[in-house]
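Shown next, in structure tokens, is the structure this report addresses.
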Amino acid sequence: MHRLNGVGLAALDRHTSTTRSYDILSTSLSQTQVTHLQSQLTSFRSALTTFAINHREDILHDPAFRHRFTQMCSSIGVDPLAGPRKGGWWAELLPSVGDWQYELGVQIVDVCVSTRERNGGMIELSELVRLVRKLRGVPDDQDGKGRGTITEEDIIRSVKTLSPLGAGYTIVTLDDGRKMVRSVPKELDEDQAVILALARTPGKYGRVTIDDLVLGREKGGKGWIRERARGALENMSLRDGLCWIDEQDTVHDRVYWVTSAMKWD
Amino acid sequence: MALSTHTTTTDFLLPSIHSAPPFFTQQLHPASLSIATEQWIQLILKYARHRRLFTIKVEDSEAPGNNWDEVLRNERINRKVLPSYLTYILAQMVSKKLAVYEPPKQDRSVLIYWRLPEEWAEVLHDWVSSTGNLNTIMTFYEITDPPIASPLSGLPIPLLRQAIAILSRSNRAQIIAIAEGEGVRFFPSTGKA
């Protein structure tokens, strides 16, 4: 009778040797796989290096190209911003891109801090882009598409890199979709967001009254009760310094001016 | 409307913040207050320099018809600085040593240092040297009201005294009693200053 496993003591021996063979095979298989992966990684690395070297200028100066490049990075799961500390060899390969991003971060902080007096720490994204461009000495073309210019996306990405600083740099999206960058570590509550959006509606130039918020929606107001409107506006002026107060209006006792929405020539 | 600069009848360029209605109200938030007040101080100093004004009083904000109308009021937006806020601004100027209460011991009128006393001392010494008046005795009147307009024309006597006092410390001036009251003699710089 033929049995694959055999019988008796010999079977035990054979079993042991089979297991050993499988072990050896599996080790060599995974070894091959690792080697294979390593060689793939090496070639990926060198391809990337070549790519980065070849296109360095484009990455740094052409916003459209940079955008595609970061898109590509995120689709293959690589974070171009992971610094050396985060364990990325990326930053070693492409120091220029990392530096570029950090440098932009510094410029953003510069603009945010230097305009904080005027706007109380809230700046509209488009304004921030304009000022950063000015700071970088990039000619501000009509369409903002010139080489070397920076885009809103660049700013958004850089603001995100600033978050570990804990200085409160965040992007706030208003009701109407406009984006603002906040550089003060304060929670902006929903009512304040509504007021900020209202202050920015065309023709307001930052001027907000309690009545603006109390009026019914059909009249362009928000339909709030008076106490809510007063509370929100007083908080913004007295606690957060986001508004300036005008007490010489002929109609209203107090008019609130949202400094970040005021237009200065 | 967007806030814009404005040129006054005395050819002074008012900054755009001067056309912002809340600029004329004393802010309650400390940061806003200090920003606005700093703007006011700069504006007052610039305007004073522009028109060679040496004094500003709280009462200048109480009624129109004085040298400071263009700055303390903005008729275009119907706003004016209230006396209480101007009192605060002047107190800040004094604490920043950009003005002194004149006369002392009151808080409604200040002498504006749009040039610091040290700077006036140099201007004074330069003028005396360039007009060949070193080593001669001059009256205060000769300095503040010279026949040919000078950078020192109209300089208030208290400020002149401070400038002379500074020069005396480096032995470049000396107060001398003369028949008409007081005079001053200037000496060339020793180079050591």
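Convention: chains lettered A, B, ... in structure tokens order; per-chain residue numbering from 1; ligands numbered from 1 as shown.
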Strand (DSSP E or B) per DSSP on the backbone: members of region 23-162 of chain B, as a count of residues only: 17
Could you give me, as JSON lines, a per-residue list for chain A showing, wherever an atom lies at most 12 Å from an atom of chain B, the closest pair of atoms and their distance in Å to one decimal, using only C-alpha atoms and sorting by chain then residue number from low to high?
{"residue": "A:Thr115", "atom": "CA", "partner": "B:Ile35", "partner_atom": "CA", "distance": 11.7}
{"residue": "A:Arg116", "atom": "CA", "partner": "B:Ala31", "partner_atom": "CA", "distance": 10.3}
{"residue": "A:Glu117", "atom": "CA", "partner": "B:Ile35", "partner_atom": "CA", "distance": 6.7}
{"residue": "A:Arg118", "atom": "CA", "partner": "B:Ile35", "partner_atom": "CA", "distance": 8.4}
{"residue": "A:Asn119", "atom": "CA", "partner": "B:Ser32", "partner_atom": "CA", "distance": 9.9}
{"residue": "A:Gly120", "atom": "CA", "partner": "B:Ser32", "partner_atom": "CA", "distance": 8.4}
{"residue": "A:Gly121", "atom": "CA", "partner": "B:Ala31", "partner_atom": "CA", "distance": 11.7}
{"residue": "A:Pro202", "atom": "CA", "partner": "B:Met1", "partner_atom": "CA", "distance": 9.9}
{"residue": "A:Gly203", "atom": "CA", "partner": "B:Met1", "partner_atom": "CA", "distance": 7.0}
{"residue": "A:Lys204", "atom": "CA", "partner": "B:Met1", "partner_atom": "CA", "distance": 7.9}
{"residue": "A:Tyr205", "atom": "CA", "partner": "B:Met1", "partner_atom": "CA", "distance": 6.5}
{"residue": "A:Gly206", "atom": "CA", "partner": "B:Met1", "partner_atom": "CA", "distance": 9.8}
{"residue": "A:Arg207", "atom": "CA", "partner": "B:Pro21", "partner_atom": "CA", "distance": 9.6}
{"residue": "A:Val208", "atom": "CA", "partner": "B:Pro22", "partner_atom": "CA", "distance": 11.7}
{"residue": "A:Glu234", "atom": "CA", "partner": "B:His29", "partner_atom": "CA", "distance": 10.1}
{"residue": "A:Asn235", "atom": "CA", "partner": "B:His29", "partner_atom": "CA", "distance": 10.1}
{"residue": "A:Met236", "atom": "CA", "partner": "B:His29", "partner_atom": "CA", "distance": 9.6}
{"residue": "A:Ser237", "atom": "CA", "partner": "B:His29", "partner_atom": "CA", "distance": 6.5}
{"residue": "A:Leu238", "atom": "CA", "partner": "B:His29", "partner_atom": "CA", "distance": 4.9}
{"residue": "A:Arg239", "atom": "CA", "partner": "B:His29", "partner_atom": "CA", "distance": 6.8}
{"residue": "A:Asp240", "atom": "CA", "partner": "B:His29", "partner_atom": "CA", "distance": 7.7}
{"residue": "A:Gly241", "atom": "CA", "partner": "B:His29", "partner_atom": "CA", "distance": 5.7}
{"residue": "A:Leu242", "atom": "CA", "partner": "B:Ser32", "partner_atom": "CA", "distance": 8.4}
{"residue": "A:Cys243", "atom": "CA", "partner": "B:Ser32", "partner_atom": "CA", "distance": 8.3}
{"residue": "A:Trp244", "atom": "CA", "partner": "B:Pro22", "partner_atom": "CA", "distance": 5.9}
{"residue": "A:Ile245", "atom": "CA", "partner": "B:Pro22", "partner_atom": "CA", "distance": 5.4}
{"residue": "A:Asp246", "atom": "CA", "partner": "B:Pro22", "partner_atom": "CA", "distance": 4.1}
{"residue": "A:Glu247", "atom": "CA", "partner": "B:Thr25", "partner_atom": "CA", "distance": 6.2}
{"residue": "A:Gln248", "atom": "CA", "partner": "B:Arg79", "partner_atom": "CA", "distance": 6.6}
{"residue": "A:Asp249", "atom": "CA", "partner": "B:Pro21", "partner_atom": "CA", "distance": 8.3}
{"residue": "A:Thr250", "atom": "CA", "partner": "B:Asn78", "partner_atom": "CA", "distance": 9.1}
{"residue": "A:Asp253", "atom": "CA", "partner": "B:Thr25", "partner_atom": "CA", "distance": 12.0}
{"residue": "A:Arg254", "atom": "CA", "partner": "B:Pro22", "partner_atom": "CA", "distance": 9.7}
{"residue": "A:Val255", "atom": "CA", "partner": "B:Pro22", "partner_atom": "CA", "distance": 8.1}
{"residue": "A:Tyr256", "atom": "CA", "partner": "B:Pro22", "partner_atom": "CA", "distance": 8.0}
{"residue": "A:Trp257", "atom": "CA", "partner": "B:Pro22", "partner_atom": "CA", "distance": 7.0}
{"residue": "A:Val258", "atom": "CA", "partner": "B:Pro22", "partner_atom": "CA", "distance": 10.2}
{"residue": "A:Thr259", "atom": "CA", "partner": "B:Ser32", "partner_atom": "CA", "distance": 9.8}
{"residue": "A:Ala261", "atom": "CA", "partner": "B:Ala2", "partner_atom": "CA", "distance": 10.3}
{"residue": "A:Met262", "atom": "CA", "partner": "B:Ala2", "partner_atom": "CA", "distance": 7.3}
{"residue": "A:Lys263", "atom": "CA", "partner": "B:Ala2", "partner_atom": "CA", "distance": 5.0}
{"residue": "A:Trp264", "atom": "CA", "partner": "B:Leu3", "partner_atom": "CA", "distance": 5.0}
{"residue": "A:Asp265", "atom": "CA", "partner": "B:Ser4", "partner_atom": "CA", "distance": 5.2}
Selection near Trp68 (chain B), 10 Å with only C-alpha atoms, sequence-local residues under 4 positions removed, as number ranges by chain: B: 44, 47-48, 51, 53, 55-57, 60-61, 64, 72-73
Which of chain B fall in alpha helix (DSSP H), as a ChimeraX atom specification: /B:30-51,69-72,83-95,117-130,140-144,157-169
Nearby residues (only C-alpha atoms) at most 12 Å from Arg68 (chain A), same-chain spacing under 4 positions excluded, as an NGL selection string: :A and (58-59 or 62-64 or 72-75 or 153-154)
Atomic distance CA of Ser150 (chain B) - CA of Pro104 (chain B), expressed in Å with one decimal: 27.6 Å
